[in-house]
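Q: Handing you a structure now.
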Amino acid sequence: MPRVKRGVTTHRRHKKILAMTKGQTASRHILYRRAHESMLHSLSYAYQHRRKRKGDMRKLWILRVNAASRAQGLKYGQFMNLLKRSGIGINRKMLAEMAVREPEAFRSLVNTVQEKAQD
């Protein structure tokens with residue numbers, strides 16, 4: 001059976017890992033072992049934070065809707081409750097966009113919700 005030299009395969013694999021850790025400091029992008037550890041942690045953090053970003057965006061939307069609804073004299077919880085009771089199904093992302101880009105439309109929505117609640 002012929003002898004197999006594995007230098008090319010290993011070198012290619014190491015180069016791939018070192019390329020992934022480009023931009024990291026010290027031995028984390030120079031030494032293969034340290035780079036491999038660093039890469040595994042980086043990929044793990046990236047995976048976790050992609051999921052965390054969704055919660056962060058929701059918090060931001062809630063913050064924006066709260067600020068806009070308080071300007072109209074309603075707390076966030078009260079506003080969302082009135083929306084639900086009046087049967088208007090707009091998600092938080094759209095409410096936040098409306099509050100930032102179209103304050104007049106948001107104001108009219110708040111007025112509509114308040115009128116329906118009084119009936």
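Letters for chains follow the order of the structure tokens (A, B, ...), residue numbers begin at 1 for each chain, and ligand numbers begin at 1 in the order shown.
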Thr21 (chain A): which residues within 10 Å, counting only C-alpha atoms, same-chain residues fewer than 6 positions away excluded, as a ChimeraX atom specification?
A: /A:15,28-30,32,34-40,42
Q: Could you turn the residues from that selection into a file that holds N, CA and C atoms, as a PDB file, in the first residue's frame?
A:
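Result file is again-v1.pdb:
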ATOM      1  N   LYS A  15      -5.199  26.633   7.269  1.00  0.00           N
ATOM      2  CA  LYS A  15      -5.328  27.941   6.625  1.00  0.00           C
ATOM      3  C   LYS A  15      -6.774  28.450   6.688  1.00  0.00           C
ATOM      4  N   ARG A  28      -4.409  34.505  18.755  1.00  0.00           N
ATOM      5  CA  ARG A  28      -5.709  33.971  18.350  1.00  0.00           C
ATOM      6  C   ARG A  28      -5.860  33.906  16.834  1.00  0.00           C
ATOM      7  N   HIS A  29      -5.024  34.592  16.099  1.00  0.00           N
ATOM      8  CA  HIS A  29      -5.092  34.513  14.642  1.00  0.00           C
ATOM      9  C   HIS A  29      -3.778  34.028  14.026  1.00  0.00           C
ATOM     10  N   ILE A  30      -2.843  33.629  14.901  1.00  0.00           N
ATOM     11  CA  ILE A  30      -1.544  33.175  14.402  1.00  0.00           C
ATOM     12  C   ILE A  30      -1.354  31.684  14.665  1.00  0.00           C
ATOM     13  N   TYR A  32      -2.457  27.890  15.417  1.00  0.00           N
ATOM     14  CA  TYR A  32      -3.621  27.108  15.018  1.00  0.00           C
ATOM     15  C   TYR A  32      -4.484  26.707  16.201  1.00  0.00           C
ATOM     16  N   ARG A  34      -4.827  27.949  19.274  1.00  0.00           N
ATOM     17  CA  ARG A  34      -5.533  29.093  19.861  1.00  0.00           C
ATOM     18  C   ARG A  34      -6.597  29.605  18.895  1.00  0.00           C
ATOM     19  N   ALA A  35      -6.270  29.619  17.623  1.00  0.00           N
ATOM     20  CA  ALA A  35      -7.217  30.105  16.615  1.00  0.00           C
ATOM     21  C   ALA A  35      -8.442  29.198  16.549  1.00  0.00           C
ATOM     22  N   HIS A  36      -8.218  27.895  16.664  1.00  0.00           N
ATOM     23  CA  HIS A  36      -9.334  26.948  16.602  1.00  0.00           C
ATOM     24  C   HIS A  36     -10.274  27.158  17.776  1.00  0.00           C
ATOM     25  N   GLU A  37      -9.736  27.316  18.981  1.00  0.00           N
ATOM     26  CA  GLU A  37     -10.557  27.599  20.168  1.00  0.00           C
ATOM     27  C   GLU A  37     -11.334  28.898  19.969  1.00  0.00           C
ATOM     28  N   SER A  38     -10.618  29.891  19.504  1.00  0.00           N
ATOM     29  CA  SER A  38     -11.208  31.213  19.300  1.00  0.00           C
ATOM     30  C   SER A  38     -12.339  31.149  18.276  1.00  0.00           C
ATOM     31  N   MET A  39     -12.130  30.396  17.212  1.00  0.00           N
ATOM     32  CA  MET A  39     -13.133  30.262  16.162  1.00  0.00           C
ATOM     33  C   MET A  39     -14.380  29.572  16.697  1.00  0.00           C
ATOM     34  N   LEU A  40     -14.194  28.515  17.493  1.00  0.00           N
ATOM     35  CA  LEU A  40     -15.352  27.808  18.049  1.00  0.00           C
ATOM     36  C   LEU A  40     -16.171  28.725  18.952  1.00  0.00           C
ATOM     37  N   SER A  42     -16.229  32.015  18.813  1.00  0.00           N
ATOM     38  CA  SER A  42     -16.817  33.063  17.968  1.00  0.00           C
ATOM     39  C   SER A  42     -18.093  32.581  17.295  1.00  0.00           C
TER      40      SER A  42
END
Q: Give me, as a list in words, all polymer residues having an atom no more than 9 Å from Asn66 (chain A), counting only C-alpha atoms and skipping those fewer than 6 positions away in the same chain.
A: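 Within the cut-off, the hits are Leu74, Lys75, Tyr76, Gly77, Phe79 and Ala96 of chain A.
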Q: What lies within 12 Å of Leu60 (chain A) using only C-alpha atoms, ignoring chain neighbours under 5 positions off, as a list in words?
A: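 Near Leu60 (chain A), the qualifying residues are Arg53, Lys54, Gly55, Val65, Asn66, Ala67, Arg92, Lys93, Leu95, Ala96, Glu97 and Val100 of chain A.
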Q: Store the residues picked out above in a file with C-alpha atoms, as a short mmCIF file (atom, residue, chain, number, x, y, z; two decimals), in the first residue's frame.
A:
data_model
loop_
_atom_site.label_atom_id
_atom_site.label_comp_id
_atom_site.auth_asym_id
_atom_site.auth_seq_id
_atom_site.Cartn_x
_atom_site.Cartn_y
_atom_site.Cartn_z
CA ARG A 53 -31.01 40.20 18.48
CA LYS A 54 -34.69 39.32 18.02
CA GLY A 55 -35.39 40.11 21.68
CA VAL A 65 -44.26 52.69 21.00
CA ASN A 66 -44.23 53.51 24.71
CA ALA A 67 -42.63 56.91 24.09
CA ARG A 92 -45.12 46.07 17.51
CA LYS A 93 -42.71 46.49 14.62
CA LEU A 95 -46.43 50.39 15.47
CA ALA A 96 -42.83 51.47 16.11
CA GLU A 97 -42.30 52.35 12.44
CA VAL A 100 -41.19 57.20 14.24
#
Q: Which residues are close to Gly89 (chain A), i.e. within 12 Å by only C-alpha atoms, leaving aside same-chain residues fewer than 5 positions away? Reply as a PyMOL selection string.
A: chain A and resi 80-84+94-95+109+113
Q: Give the answer as one residue: which of A:Met98, A:Ala26, A:Ala19, A:Arg85 has the shortest atom-to-atom distance to Asp119 (chain A), using only C-alpha atoms?
A: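 Under the stated criterion, the closest residue is A:Arg85.
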Q: For CA of Ser86 (chain A) and CA of Ala71 (chain A), quote the distance in Å rounded to one decimal.
A: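 Computing it gives 20.5 Å between the two atoms.
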Q: My list of candidates is A:Arg3, A:Arg58, A:Arg70, A:Ile17. Which is closest to Asn91 (chain A) when distances are computed with only C-alpha atoms?
A: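 Closest candidate: A:Arg58.
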Q: Would you please give, as number ranges by chain, all residues of chain A that DSSP assigns to helix (DSSP H, G or I) based on the backbone?
A: A: 7-20, 26-29, 32-71, 76-85, 92-101, 103-118
Q: Ranking A:Ile88, A:Leu18, A:Ile62, A:Ala68 by minimum distance to Arg33 (chain A) and counting only C-alpha atoms, which one comes first?
A: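 Among A:Ile88, A:Leu18, A:Ile62, A:Ala68, it is A:Leu18 that comes nearest to Arg33 (chain A).
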Q: Between CA of Gly7 (chain A) and CA of Leu31 (chain A), what distance in Å does the model show, to one decimal?
A: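 Answer for the CA of Gly7 (chain A) to CA of Leu31 (chain A) separation: 16.8 Å.
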